[in-house]
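Containing compact mmCIF, N, CA and C atoms: coords.txt.
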```txt
# COMPACT_ATOMS: atom_id res chain seq x y z
N MET A 30 -2.75 31.41 -7.09
CA MET A 30 -2.16 30.79 -8.27
C MET A 30 -1.12 29.74 -7.88
N ARG A 31 -0.37 30.03 -6.84
CA ARG A 31 0.66 29.08 -6.39
C ARG A 31 0.03 27.78 -5.90
N GLU A 32 -1.12 27.92 -5.21
CA GLU A 32 -1.81 26.73 -4.71
C GLU A 32 -2.26 25.84 -5.86
N ARG A 33 -2.72 26.48 -6.93
CA ARG A 33 -3.16 25.72 -8.10
C ARG A 33 -2.02 24.87 -8.65
N ARG A 34 -0.85 25.44 -8.77
CA ARG A 34 0.32 24.71 -9.30
C ARG A 34 0.67 23.54 -8.38
N THR A 35 0.61 23.76 -7.08
CA THR A 35 0.90 22.70 -6.10
C THR A 35 -0.10 21.55 -6.24
N ILE A 36 -1.37 21.89 -6.38
CA ILE A 36 -2.40 20.86 -6.52
C ILE A 36 -2.21 20.10 -7.84
N GLU A 37 -1.89 20.81 -8.91
CA GLU A 37 -1.64 20.14 -10.18
C GLU A 37 -0.48 19.16 -10.07
N LYS A 38 0.59 19.56 -9.39
CA LYS A 38 1.74 18.67 -9.20
C LYS A 38 1.33 17.43 -8.41
N LEU A 39 0.54 17.63 -7.38
CA LEU A 39 0.08 16.51 -6.56
C LEU A 39 -0.76 15.55 -7.40
N LEU A 40 -1.66 16.08 -8.19
CA LEU A 40 -2.48 15.23 -9.05
C LEU A 40 -1.64 14.43 -10.03
N TRP A 41 -0.64 15.05 -10.63
CA TRP A 41 0.24 14.34 -11.56
C TRP A 41 1.08 13.30 -10.83
N ALA A 42 1.49 13.62 -9.61
CA ALA A 42 2.29 12.66 -8.84
C ALA A 42 1.47 11.43 -8.46
N LEU A 43 0.18 11.60 -8.24
CA LEU A 43 -0.68 10.48 -7.86
C LEU A 43 -1.17 9.68 -9.06
N LYS A 44 -1.06 10.23 -10.24
CA LYS A 44 -1.56 9.57 -11.46
C LYS A 44 -1.01 8.15 -11.65
N PRO A 45 0.28 7.89 -11.40
CA PRO A 45 0.77 6.51 -11.60
C PRO A 45 0.05 5.45 -10.76
N PHE A 46 -0.56 5.86 -9.65
CA PHE A 46 -1.31 4.89 -8.83
C PHE A 46 -2.56 4.41 -9.56
N ASP A 47 -3.11 5.24 -10.45
CA ASP A 47 -4.30 4.85 -11.22
C ASP A 47 -4.04 3.64 -12.10
N ASN A 48 -2.81 3.47 -12.54
CA ASN A 48 -2.47 2.40 -13.47
C ASN A 48 -2.21 1.07 -12.78
N LEU A 49 -2.25 1.04 -11.45
CA LEU A 49 -1.92 -0.20 -10.73
C LEU A 49 -2.99 -1.26 -10.90
N ARG A 50 -4.18 -0.95 -10.41
CA ARG A 50 -5.26 -1.94 -10.48
C ARG A 50 -6.54 -1.31 -9.95
N GLY A 51 -7.05 -0.38 -10.67
CA GLY A 51 -8.30 0.24 -10.24
C GLY A 51 -8.12 1.14 -9.03
N TRP A 52 -9.09 1.12 -8.17
CA TRP A 52 -9.16 2.01 -7.03
C TRP A 52 -8.17 1.58 -5.94
N ILE A 53 -7.36 2.52 -5.46
CA ILE A 53 -6.37 2.24 -4.41
C ILE A 53 -6.71 3.13 -3.21
N PRO A 54 -6.89 2.55 -2.01
CA PRO A 54 -7.16 3.38 -0.84
C PRO A 54 -6.00 4.34 -0.54
N VAL A 55 -6.34 5.50 -0.03
CA VAL A 55 -5.33 6.50 0.32
C VAL A 55 -4.33 5.93 1.32
N ARG A 56 -4.78 5.08 2.21
CA ARG A 56 -3.86 4.46 3.18
C ARG A 56 -2.75 3.68 2.50
N TYR A 57 -3.06 3.03 1.39
CA TYR A 57 -2.04 2.28 0.66
C TYR A 57 -1.03 3.24 0.03
N VAL A 58 -1.54 4.33 -0.52
CA VAL A 58 -0.65 5.33 -1.10
C VAL A 58 0.27 5.90 -0.03
N THR A 59 -0.30 6.26 1.11
CA THR A 59 0.48 6.81 2.23
C THR A 59 1.51 5.81 2.72
N THR A 60 1.11 4.56 2.86
CA THR A 60 2.03 3.53 3.32
C THR A 60 3.19 3.35 2.34
N PHE A 61 2.87 3.28 1.05
CA PHE A 61 3.92 3.16 0.04
C PHE A 61 4.89 4.33 0.12
N LEU A 62 4.36 5.54 0.22
CA LEU A 62 5.23 6.72 0.26
C LEU A 62 6.08 6.77 1.53
N MET A 63 5.55 6.28 2.64
CA MET A 63 6.34 6.21 3.87
C MET A 63 7.52 5.25 3.71
N VAL A 64 7.27 4.11 3.10
CA VAL A 64 8.36 3.15 2.87
C VAL A 64 9.38 3.75 1.90
N ALA A 65 8.89 4.39 0.83
CA ALA A 65 9.79 5.00 -0.15
C ALA A 65 10.64 6.10 0.49
N LEU A 66 10.07 6.83 1.41
CA LEU A 66 10.77 7.93 2.06
C LEU A 66 11.86 7.45 3.00
N ASP A 67 11.61 6.34 3.69
CA ASP A 67 12.57 5.83 4.67
C ASP A 67 12.53 4.31 4.68
N GLU A 68 13.09 3.74 3.66
CA GLU A 68 13.07 2.29 3.44
C GLU A 68 13.86 1.54 4.50
N GLY A 69 13.41 0.31 4.81
CA GLY A 69 14.16 -0.57 5.68
C GLY A 69 13.74 -0.57 7.13
N LYS A 70 12.65 0.10 7.45
CA LYS A 70 12.14 0.09 8.82
C LYS A 70 11.25 -1.13 9.05
N SER A 71 10.92 -1.34 10.30
CA SER A 71 10.01 -2.43 10.66
C SER A 71 8.56 -1.95 10.48
N PRO A 72 7.64 -2.90 10.32
CA PRO A 72 6.23 -2.51 10.24
C PRO A 72 5.77 -1.68 11.44
N SER A 73 6.25 -1.98 12.63
CA SER A 73 5.84 -1.20 13.80
C SER A 73 6.36 0.23 13.74
N ALA A 74 7.53 0.43 13.17
CA ALA A 74 8.07 1.80 13.02
C ALA A 74 7.21 2.59 12.04
N TYR A 75 6.78 1.97 10.95
CA TYR A 75 5.89 2.66 10.02
C TYR A 75 4.54 2.95 10.67
N ALA A 76 4.05 2.01 11.46
CA ALA A 76 2.77 2.23 12.16
C ALA A 76 2.87 3.44 13.09
N ARG A 77 3.94 3.52 13.86
CA ARG A 77 4.13 4.67 14.75
C ARG A 77 4.19 5.97 13.96
N GLY A 78 4.94 5.96 12.85
CA GLY A 78 5.08 7.15 12.03
C GLY A 78 3.77 7.62 11.42
N ALA A 79 2.89 6.68 11.13
CA ALA A 79 1.61 7.01 10.52
C ALA A 79 0.52 7.28 11.55
N GLY A 80 0.84 7.03 12.83
CA GLY A 80 -0.17 7.17 13.87
C GLY A 80 -1.27 6.13 13.73
N MET A 81 -0.88 4.94 13.35
CA MET A 81 -1.81 3.85 13.06
C MET A 81 -1.42 2.65 13.92
N ASP A 82 -2.38 1.81 14.25
CA ASP A 82 -2.03 0.62 15.03
C ASP A 82 -1.31 -0.38 14.12
N LEU A 83 -0.55 -1.27 14.74
CA LEU A 83 0.27 -2.23 14.00
C LEU A 83 -0.56 -3.15 13.11
N VAL A 84 -1.73 -3.56 13.57
CA VAL A 84 -2.57 -4.45 12.78
C VAL A 84 -2.98 -3.77 11.47
N SER A 85 -3.40 -2.51 11.55
CA SER A 85 -3.80 -1.78 10.34
C SER A 85 -2.62 -1.59 9.39
N MET A 86 -1.45 -1.25 9.95
CA MET A 86 -0.26 -1.07 9.11
C MET A 86 0.12 -2.39 8.45
N SER A 87 0.06 -3.47 9.19
CA SER A 87 0.39 -4.79 8.63
C SER A 87 -0.54 -5.14 7.48
N ARG A 88 -1.82 -4.81 7.61
CA ARG A 88 -2.78 -5.05 6.53
C ARG A 88 -2.40 -4.26 5.28
N CYS A 89 -2.08 -2.98 5.48
CA CYS A 89 -1.68 -2.14 4.34
C CYS A 89 -0.43 -2.70 3.67
N LEU A 90 0.56 -3.06 4.47
CA LEU A 90 1.81 -3.58 3.91
C LEU A 90 1.57 -4.89 3.16
N ARG A 91 0.70 -5.73 3.69
CA ARG A 91 0.40 -6.99 3.00
C ARG A 91 -0.27 -6.72 1.66
N ASP A 92 -1.23 -5.80 1.67
CA ASP A 92 -1.98 -5.54 0.44
C ASP A 92 -1.15 -4.85 -0.63
N ILE A 93 -0.16 -4.06 -0.25
CA ILE A 93 0.72 -3.46 -1.26
C ILE A 93 1.96 -4.32 -1.50
N GLY A 94 2.01 -5.46 -0.81
CA GLY A 94 3.10 -6.42 -0.99
C GLY A 94 2.78 -7.44 -2.07
N GLU A 95 3.50 -8.55 -2.03
CA GLU A 95 3.35 -9.59 -3.06
C GLU A 95 1.99 -10.30 -2.97
N ARG A 96 1.58 -10.64 -1.76
CA ARG A 96 0.32 -11.34 -1.53
C ARG A 96 -0.53 -10.51 -0.59
N SER A 97 -1.80 -10.32 -0.95
CA SER A 97 -2.68 -9.55 -0.08
C SER A 97 -3.02 -10.35 1.16
N ARG A 98 -3.61 -9.68 2.11
CA ARG A 98 -3.97 -10.36 3.36
C ARG A 98 -5.05 -11.41 3.16
N THR A 99 -5.78 -11.35 2.03
CA THR A 99 -6.82 -12.34 1.74
C THR A 99 -6.27 -13.52 0.96
N GLY A 100 -4.96 -13.48 0.63
CA GLY A 100 -4.34 -14.59 -0.08
C GLY A 100 -4.22 -14.39 -1.58
N GLY A 101 -4.91 -13.40 -2.10
CA GLY A 101 -4.83 -13.11 -3.54
C GLY A 101 -3.57 -12.29 -3.84
N PRO A 102 -3.42 -11.91 -5.08
CA PRO A 102 -2.24 -11.11 -5.42
C PRO A 102 -2.31 -9.72 -4.80
N GLY A 103 -1.17 -9.27 -4.31
CA GLY A 103 -1.05 -7.91 -3.81
C GLY A 103 -0.59 -7.01 -4.93
N LEU A 104 -0.28 -5.77 -4.60
CA LEU A 104 0.17 -4.82 -5.61
C LEU A 104 1.64 -5.02 -5.98
N GLY A 105 2.39 -5.75 -5.16
CA GLY A 105 3.79 -6.06 -5.48
C GLY A 105 4.75 -4.89 -5.36
N LEU A 106 4.41 -3.90 -4.54
CA LEU A 106 5.25 -2.70 -4.43
C LEU A 106 6.30 -2.78 -3.33
N VAL A 107 6.04 -3.59 -2.30
CA VAL A 107 6.98 -3.71 -1.18
C VAL A 107 7.16 -5.19 -0.83
N LYS A 108 8.22 -5.45 -0.08
CA LYS A 108 8.44 -6.80 0.44
C LYS A 108 9.02 -6.68 1.84
N ALA A 109 8.71 -7.65 2.67
CA ALA A 109 9.26 -7.70 4.03
C ALA A 109 10.32 -8.79 4.05
N VAL A 110 11.50 -8.44 4.53
CA VAL A 110 12.61 -9.40 4.61
C VAL A 110 13.12 -9.43 6.04
N ARG A 111 13.71 -10.57 6.41
CA ARG A 111 14.30 -10.68 7.74
C ARG A 111 15.51 -9.76 7.84
N ASP A 112 15.63 -9.12 8.97
CA ASP A 112 16.78 -8.26 9.25
C ASP A 112 17.93 -9.17 9.66
N PRO A 113 19.05 -9.19 8.91
CA PRO A 113 20.15 -10.09 9.26
C PRO A 113 20.76 -9.82 10.63
N SER A 114 20.61 -8.62 11.13
CA SER A 114 21.17 -8.29 12.46
C SER A 114 20.23 -8.69 13.59
N ASN A 115 18.96 -8.98 13.28
CA ASN A 115 18.00 -9.40 14.29
C ASN A 115 16.95 -10.26 13.59
N LEU A 116 17.08 -11.57 13.69
CA LEU A 116 16.22 -12.48 12.94
C LEU A 116 14.75 -12.44 13.36
N HIS A 117 14.46 -11.80 14.51
CA HIS A 117 13.07 -11.66 14.94
C HIS A 117 12.42 -10.43 14.34
N ARG A 118 13.21 -9.61 13.68
CA ARG A 118 12.72 -8.36 13.11
C ARG A 118 12.65 -8.47 11.59
N ARG A 119 11.61 -7.87 11.02
CA ARG A 119 11.49 -7.79 9.57
C ARG A 119 11.60 -6.33 9.17
N LYS A 120 12.20 -6.10 8.02
CA LYS A 120 12.26 -4.74 7.49
C LYS A 120 11.58 -4.71 6.13
N VAL A 121 11.01 -3.57 5.83
CA VAL A 121 10.22 -3.44 4.61
C VAL A 121 11.03 -2.68 3.57
N LEU A 122 11.07 -3.24 2.36
CA LEU A 122 11.83 -2.67 1.25
C LEU A 122 10.93 -2.53 0.02
N LEU A 123 11.29 -1.63 -0.86
CA LEU A 123 10.59 -1.52 -2.14
C LEU A 123 11.01 -2.67 -3.05
N THR A 124 10.08 -3.17 -3.83
CA THR A 124 10.40 -4.15 -4.87
C THR A 124 10.82 -3.38 -6.13
N GLU A 125 11.18 -4.10 -7.16
CA GLU A 125 11.50 -3.45 -8.44
C GLU A 125 10.28 -2.69 -8.97
N GLU A 126 9.10 -3.29 -8.80
CA GLU A 126 7.86 -2.62 -9.23
C GLU A 126 7.64 -1.34 -8.42
N GLY A 127 7.95 -1.41 -7.13
CA GLY A 127 7.82 -0.23 -6.28
C GLY A 127 8.78 0.87 -6.68
N ARG A 128 10.00 0.48 -7.02
CA ARG A 128 10.99 1.47 -7.47
C ARG A 128 10.58 2.11 -8.80
N ALA A 129 10.00 1.30 -9.69
CA ALA A 129 9.53 1.82 -10.97
C ALA A 129 8.39 2.82 -10.76
N LEU A 130 7.48 2.50 -9.85
CA LEU A 130 6.39 3.41 -9.54
C LEU A 130 6.93 4.71 -8.95
N LEU A 131 7.88 4.59 -8.04
CA LEU A 131 8.48 5.77 -7.42
C LEU A 131 9.14 6.66 -8.48
N LEU A 132 9.78 6.05 -9.45
CA LEU A 132 10.41 6.81 -10.52
C LEU A 132 9.36 7.57 -11.33
N LEU A 133 8.24 6.94 -11.64
CA LEU A 133 7.15 7.62 -12.35
C LEU A 133 6.62 8.81 -11.54
N ILE A 134 6.49 8.60 -10.25
CA ILE A 134 5.99 9.68 -9.38
C ILE A 134 6.95 10.85 -9.36
N THR A 135 8.21 10.56 -9.15
CA THR A 135 9.19 11.65 -9.02
C THR A 135 9.40 12.36 -10.36
N ARG A 136 9.28 11.67 -11.46
CA ARG A 136 9.40 12.32 -12.78
C ARG A 136 8.27 13.29 -13.04
N SER A 137 7.11 13.02 -12.43
CA SER A 137 5.95 13.91 -12.66
C SER A 137 6.08 15.21 -11.88
N LEU A 138 6.98 15.25 -10.94
CA LEU A 138 7.15 16.47 -10.14
C LEU A 138 8.11 17.35 -10.86
```
Show the structure stored in the file as structure tokens.
Amino acid sequence: MRERRTIEKLLWALKPFDNLRGWIPVRYVTTFLMVALDEGKSPSAYARGAGMDLVSMSRCLRDIGERSRTGGPGLGLVKAVRDPSNLHRRKVLLTEEGRALLLLITRSL
């Protein structure tokens, strides 16, 4: 019975992703949640944390960012900004849309 409640919570927490734009790959959901959990890291740090190569992580970040890797619109959930302490480094932050999505997710729990 406890497992059922946990699964129901997970389903409700994932529901806000359905409203974004049709089908969203699980990798995008995972990437978004990693950024939300520990905002401000570099793409390579998120890649290491996910056990994914940097190229794959960069693709995910682009697609959930403002512009997708193909040049079309992204999901607008994250943005990469230059780190003022190291101009060669970029850090990934949630956008306002990303924060709104996170709020919907956390309210469902």
Checklist entry - Just how far from CA of Leu123 (chain A) is CA of Ala42 (chain A), in Å to one decimal? => result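 Interatomic distance here is 17.7 Å.
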Item to check | Members of region 65-120 of chain A assigned strand (DSSP E) by DSSP, as a ChimeraX atom specification | outcome: /A:107-112,115-120
For the selection just defined, write its residues with N, CA and C atoms to a file, as an mmCIF file, keeping the file's coordinate frame.
```cif
data_model
loop_
_atom_site.group_PDB
_atom_site.id
_atom_site.type_symbol
_atom_site.label_atom_id
_atom_site.label_comp_id
_atom_site.auth_asym_id
_atom_site.auth_seq_id
_atom_site.Cartn_x
_atom_site.Cartn_y
_atom_site.Cartn_z
ATOM 1 N N VAL A 107 6.040 -3.590 -2.300
ATOM 2 C CA VAL A 107 6.980 -3.710 -1.180
ATOM 3 C C VAL A 107 7.160 -5.190 -0.830
ATOM 4 N N LYS A 108 8.220 -5.450 -0.080
ATOM 5 C CA LYS A 108 8.440 -6.800 0.440
ATOM 6 C C LYS A 108 9.020 -6.680 1.840
ATOM 7 N N ALA A 109 8.710 -7.650 2.670
ATOM 8 C CA ALA A 109 9.260 -7.700 4.030
ATOM 9 C C ALA A 109 10.320 -8.790 4.050
ATOM 10 N N VAL A 110 11.500 -8.440 4.530
ATOM 11 C CA VAL A 110 12.610 -9.400 4.610
ATOM 12 C C VAL A 110 13.120 -9.430 6.040
ATOM 13 N N ARG A 111 13.710 -10.570 6.410
ATOM 14 C CA ARG A 111 14.300 -10.680 7.740
ATOM 15 C C ARG A 111 15.510 -9.760 7.840
ATOM 16 N N ASP A 112 15.630 -9.120 8.970
ATOM 17 C CA ASP A 112 16.780 -8.260 9.250
ATOM 18 C C ASP A 112 17.930 -9.170 9.660
ATOM 19 N N ASN A 115 18.960 -8.980 13.280
ATOM 20 C CA ASN A 115 18.000 -9.400 14.290
ATOM 21 C C ASN A 115 16.950 -10.260 13.590
ATOM 22 N N LEU A 116 17.080 -11.570 13.690
ATOM 23 C CA LEU A 116 16.220 -12.480 12.940
ATOM 24 C C LEU A 116 14.750 -12.440 13.360
ATOM 25 N N HIS A 117 14.460 -11.800 14.510
ATOM 26 C CA HIS A 117 13.070 -11.660 14.940
ATOM 27 C C HIS A 117 12.420 -10.430 14.340
ATOM 28 N N ARG A 118 13.210 -9.610 13.680
ATOM 29 C CA ARG A 118 12.720 -8.360 13.110
ATOM 30 C C ARG A 118 12.650 -8.470 11.590
ATOM 31 N N ARG A 119 11.610 -7.870 11.020
ATOM 32 C CA ARG A 119 11.490 -7.790 9.570
ATOM 33 C C ARG A 119 11.600 -6.330 9.170
ATOM 34 N N LYS A 120 12.200 -6.100 8.020
ATOM 35 C CA LYS A 120 12.260 -4.740 7.490
ATOM 36 C C LYS A 120 11.580 -4.710 6.130
#
```
Next on the checklist: Is it possible to get the residues within 12 Å of (-3.7, 7.7, -11.2) (coordinates as in the file, counting only C-alpha atoms) written as a PyMOL selection string?
Outcome noted: chain A and resi 39-55+58+130+133-134+137
Checklist entry - Where in chain A does DSSP assign alpha helix (DSSP H), given as number ranges by chain? => result A: 31-50, 55-66, 72-79, 83-92, 125-137
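Within 7 Å of the point (6.0, 0.1, 7.7) in file coordinates, and counting all atoms listed in the file, lie the residues Thr60, Met63, Val64, Lys70, Ser71, Pro72, Ser73, Ala74, Tyr75, Ala76, Met86, Leu90 and Val121 of chain A.
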Export N, CA and C atoms of the chosen residues as a compact mmCIF listing (two decimals), in the frame of the given file?
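Full text of result.txt as output:
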```
# COMPACT_ATOMS: atom_id res chain seq x y z
N THR A 60 1.11 4.56 2.86
CA THR A 60 2.03 3.53 3.32
C THR A 60 3.19 3.35 2.34
N MET A 63 5.55 6.28 2.64
CA MET A 63 6.34 6.21 3.87
C MET A 63 7.52 5.25 3.71
N VAL A 64 7.27 4.11 3.10
CA VAL A 64 8.36 3.15 2.87
C VAL A 64 9.38 3.75 1.90
N LYS A 70 12.65 0.10 7.45
CA LYS A 70 12.14 0.09 8.82
C LYS A 70 11.25 -1.13 9.05
N SER A 71 10.92 -1.34 10.30
CA SER A 71 10.01 -2.43 10.66
C SER A 71 8.56 -1.95 10.48
N PRO A 72 7.64 -2.90 10.32
CA PRO A 72 6.23 -2.51 10.24
C PRO A 72 5.77 -1.68 11.44
N SER A 73 6.25 -1.98 12.63
CA SER A 73 5.84 -1.20 13.80
C SER A 73 6.36 0.23 13.74
N ALA A 74 7.53 0.43 13.17
CA ALA A 74 8.07 1.80 13.02
C ALA A 74 7.21 2.59 12.04
N TYR A 75 6.78 1.97 10.95
CA TYR A 75 5.89 2.66 10.02
C TYR A 75 4.54 2.95 10.67
N ALA A 76 4.05 2.01 11.46
CA ALA A 76 2.77 2.23 12.16
C ALA A 76 2.87 3.44 13.09
N MET A 86 -1.45 -1.25 9.95
CA MET A 86 -0.26 -1.07 9.11
C MET A 86 0.12 -2.39 8.45
N LEU A 90 0.56 -3.06 4.47
CA LEU A 90 1.81 -3.58 3.91
C LEU A 90 1.57 -4.89 3.16
N VAL A 121 11.01 -3.57 5.83
CA VAL A 121 10.22 -3.44 4.61
C VAL A 121 11.03 -2.68 3.57
```
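When CA of Asp92 (chain A) is paired with CA of Leu116 (chain A), their separation reads 23.1 Å.
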Checklist entry - Using only C-alpha atoms, which residue out of A:Asp82, A:Ile93, A:Leu122, A:Arg34 lies closest to Thr59 (chain A)? => result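 Distance minimum relative to Thr59 (chain A) lands on A:Ile93.
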Checklist entry - Which is closest to Leu106 (chain A) among A:Phe61, A:Gly78, A:Leu66, A:Leu138, if we use all atoms listed in the file? => result A:Phe61
Item to check | Distance in Å - CA of Leu62 (chain A) versus CA of Met30 (chain A) | outcome: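 We find that CA of Leu62 (chain A) and CA of Met30 (chain A) lie 26.6 Å from each other.
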